[in-house]
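Shown next, in structure tokens, is the structure this report addresses.
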Amino acid sequence: AQSVTQLGSHVSVSEGALVLLRCNYSSSVPPYLFWYVQYPNQGLQLLLKYTTGATLVKGINGFEAEFKKSETSFHLTKPSAHMSDAAEYFCAVSEGKGTYKYIFGTGTRLKVLA
Amino acid sequence: GAVVSQHPSWVICKSGTSVKIECRSLDFQATTMFWYRQFPKQSLMLMATSNEGSKATYEQGVEKDKFLINHASLTLSTLTVTSAHPEDSSFYICSAAAGANTEAFFGQGTRLTVV
């Protein structure tokens, strides 16, 4: 069975500081990994995804994540936080191509301090 | 990316009534659609998987008679919450997928409030 663990339900950073949101997964097959952002009362917006190939993936709004198989991790980073980054972030895993059933982490609420 | 639309965005209904939520794939044919439920400040929990023309597959603990799912066409799936109660109040999100994609596409969600 697959699972996703997001360490830190709440993360606060200063504007301009590095953002690091942690995600670890478990999967018995090569996974597809995703990061989504959710603003209040809205749906999910895809930030980036890892399927195959290059392990460092770049997404929208300056975010990137690195797939580390040996560490079963897919941490999300952004070099410089902006006030507009304040939102809920979800890491998700699926069992690869052709499987669209996602297991979500518990989410991390990012707060950006002025 | 592909567009998935949910309707309505929010709905308030009286306890004991039923409410239907629609999930449409606007620019692709979705062979599979998924329904998730999100309680306040919590993660998304998969409720069921629906494939066009067949019965939905429900996750453990989800009452199939309470949450009726219909996937009658390749672009539309509906979730009907029957005999709604206040504890059914939640944010419901659908996703849709087709075999050619590497990801599912999410709707904007429906906020259900049962009073």
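In the structure tokens, chains take the letters A, B, ... in the order shown, each chain's residues start at 1, and ligands count up from 1 in the order shown.
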Can you list, as JSON, numbers by chain, every residue of chain A that DSSP puts in strand (DSSP E)?
-> {"A": [3, 4, 5, 10, 11, 12, 13, 14, 19, 20, 21, 24, 25, 26, 32, 33, 34, 35, 36, 37, 38, 44, 45, 46, 47, 48, 49, 50, 56, 57, 58, 64, 65, 66, 67, 68, 73, 74, 75, 76, 77, 78, 87, 88, 89, 90, 91, 92, 93, 94, 103, 104, 108, 109, 110, 111, 112, 113]}
Which chain B residues are at most 12 Å from chain A (counting only C-alpha atoms), as number ranges by chain?
-> B: 1-6, 9-10, 30-51, 57, 59, 90-112
Show me a table, sorted first by chain and then by increasing residue number, of the residues of region 82-113 of chain A having an atom at most 10 Å from region 56-69 of chain A, each with its shortest atom pair and the distance in Å to one decimal, counting only C-alpha atoms and written as a tab-separated table.
```
residue	atom	partner	partner_atom	distance
A:His82	CA	A:Asn61	CA	9.7
A:Ser84	CA	A:Asn61	CA	9.8
A:Asp85	CA	A:Asn61	CA	8.6
```
Restricted to all heavy atoms, what would the selected residues look like written as a compact mmCIF listing (two decimals), in the first residue's frame?
```txt
# COMPACT_ATOMS: atom_id res chain seq x y z
N HIS A 82 7.27 34.36 -1.26
CA HIS A 82 6.49 35.56 -1.52
C HIS A 82 5.20 35.47 -0.73
O HIS A 82 4.72 34.38 -0.44
CB HIS A 82 6.19 35.64 -3.04
CG HIS A 82 5.62 36.95 -3.46
ND1 HIS A 82 4.26 37.22 -3.43
CD2 HIS A 82 6.22 38.07 -3.93
CE1 HIS A 82 4.05 38.45 -3.86
NE2 HIS A 82 5.22 38.98 -4.16
N SER A 84 2.29 35.80 -1.56
CA SER A 84 1.24 35.06 -2.28
C SER A 84 1.42 33.54 -2.20
O SER A 84 0.54 32.80 -2.64
CB SER A 84 1.21 35.49 -3.74
OG SER A 84 2.46 35.20 -4.36
N ASP A 85 2.55 33.08 -1.66
CA ASP A 85 2.75 31.63 -1.51
C ASP A 85 2.01 31.06 -0.31
O ASP A 85 1.95 29.84 -0.14
CB ASP A 85 4.25 31.33 -1.37
CG ASP A 85 5.04 31.67 -2.62
OD1 ASP A 85 4.47 31.55 -3.73
OD2 ASP A 85 6.21 32.07 -2.49
```
Nearest residue to Ile69 (chain B) from the set B:Leu26, B:Ala84, B:Val114, B:Ile21 (distances using only C-alpha atoms) =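 Under the stated criterion, the closest residue is B:Ile21.
In this comparison, which uses only C-alpha atoms, the residue of B:His71, B:His7, B:Lys14, B:Arg24 approaching Ser89 (chain B) most closely is B:Lys14.
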Region 18-102 of chain A: residues DSSP assigns to helix (DSSP H, G or I), reported as a list in words =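 Taking region 18-102 of chain A and keeping helix (DSSP H, G or I) only, one gets Ile60, Asn61, Gly62, Met83, Ser84 and Asp85 of chain A.
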For Asp88 (chain B), the nearest of the candidates B:Glu22, B:Phe67, B:Pro8, B:Leu76, counting only C-alpha atoms =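 Closest candidate: B:Phe67.
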Identify, on the basis of only C-alpha atoms, every residue whose closest approach to Val112 (chain A) does not exceed 10 Å; exclude the query and any residue fewer than 4 positions from it along the same chain; express the result as a short mmCIF file (atom, residue, chain, number, x, y, z; two decimals) with C-alpha atoms, in the first residue's frame.
```
data_model
loop_
_atom_site.label_atom_id
_atom_site.label_comp_id
_atom_site.auth_asym_id
_atom_site.auth_seq_id
_atom_site.Cartn_x
_atom_site.Cartn_y
_atom_site.Cartn_z
CA VAL A 11 5.51 26.03 8.34
CA SER A 12 6.29 29.72 8.73
CA VAL A 13 8.94 31.55 6.76
CA SER A 14 9.85 35.17 6.30
CA GLU A 15 9.22 36.81 2.98
CA GLY A 16 12.29 36.26 0.83
CA ALA A 17 13.45 33.23 2.80
CA VAL A 19 10.73 27.52 1.52
CA ALA A 81 9.10 33.08 -0.44
CA HIS A 82 6.49 35.56 -1.52
CA MET A 83 3.43 36.62 0.40
CA SER A 84 1.24 35.06 -2.28
CA ASP A 85 2.75 31.63 -1.51
CA ALA A 86 0.76 31.43 1.71
CA ALA A 87 -1.55 28.45 1.18
#
```
Got a sec: who's within 10 Å of Ser26 (chain A), counting only C-alpha atoms, leaving out chain neighbours fewer than 2 positions off, as JSON, numbers by chain?
-> {"A": [1, 2, 3, 4, 5, 24, 28, 29, 30, 31, 72, 73, 93]}
His85 (chain B) environment, 12 Å, only C-alpha atoms, sequence neighbours closer than 6 positions dropped, as a ChimeraX atom specification | /B:12-19,66,112-115
Between CA of Tyr36 (chain A) and CA of Ala72 (chain B), what is the spacing in Å?
->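 These two atoms are separated by 28.7 Å.
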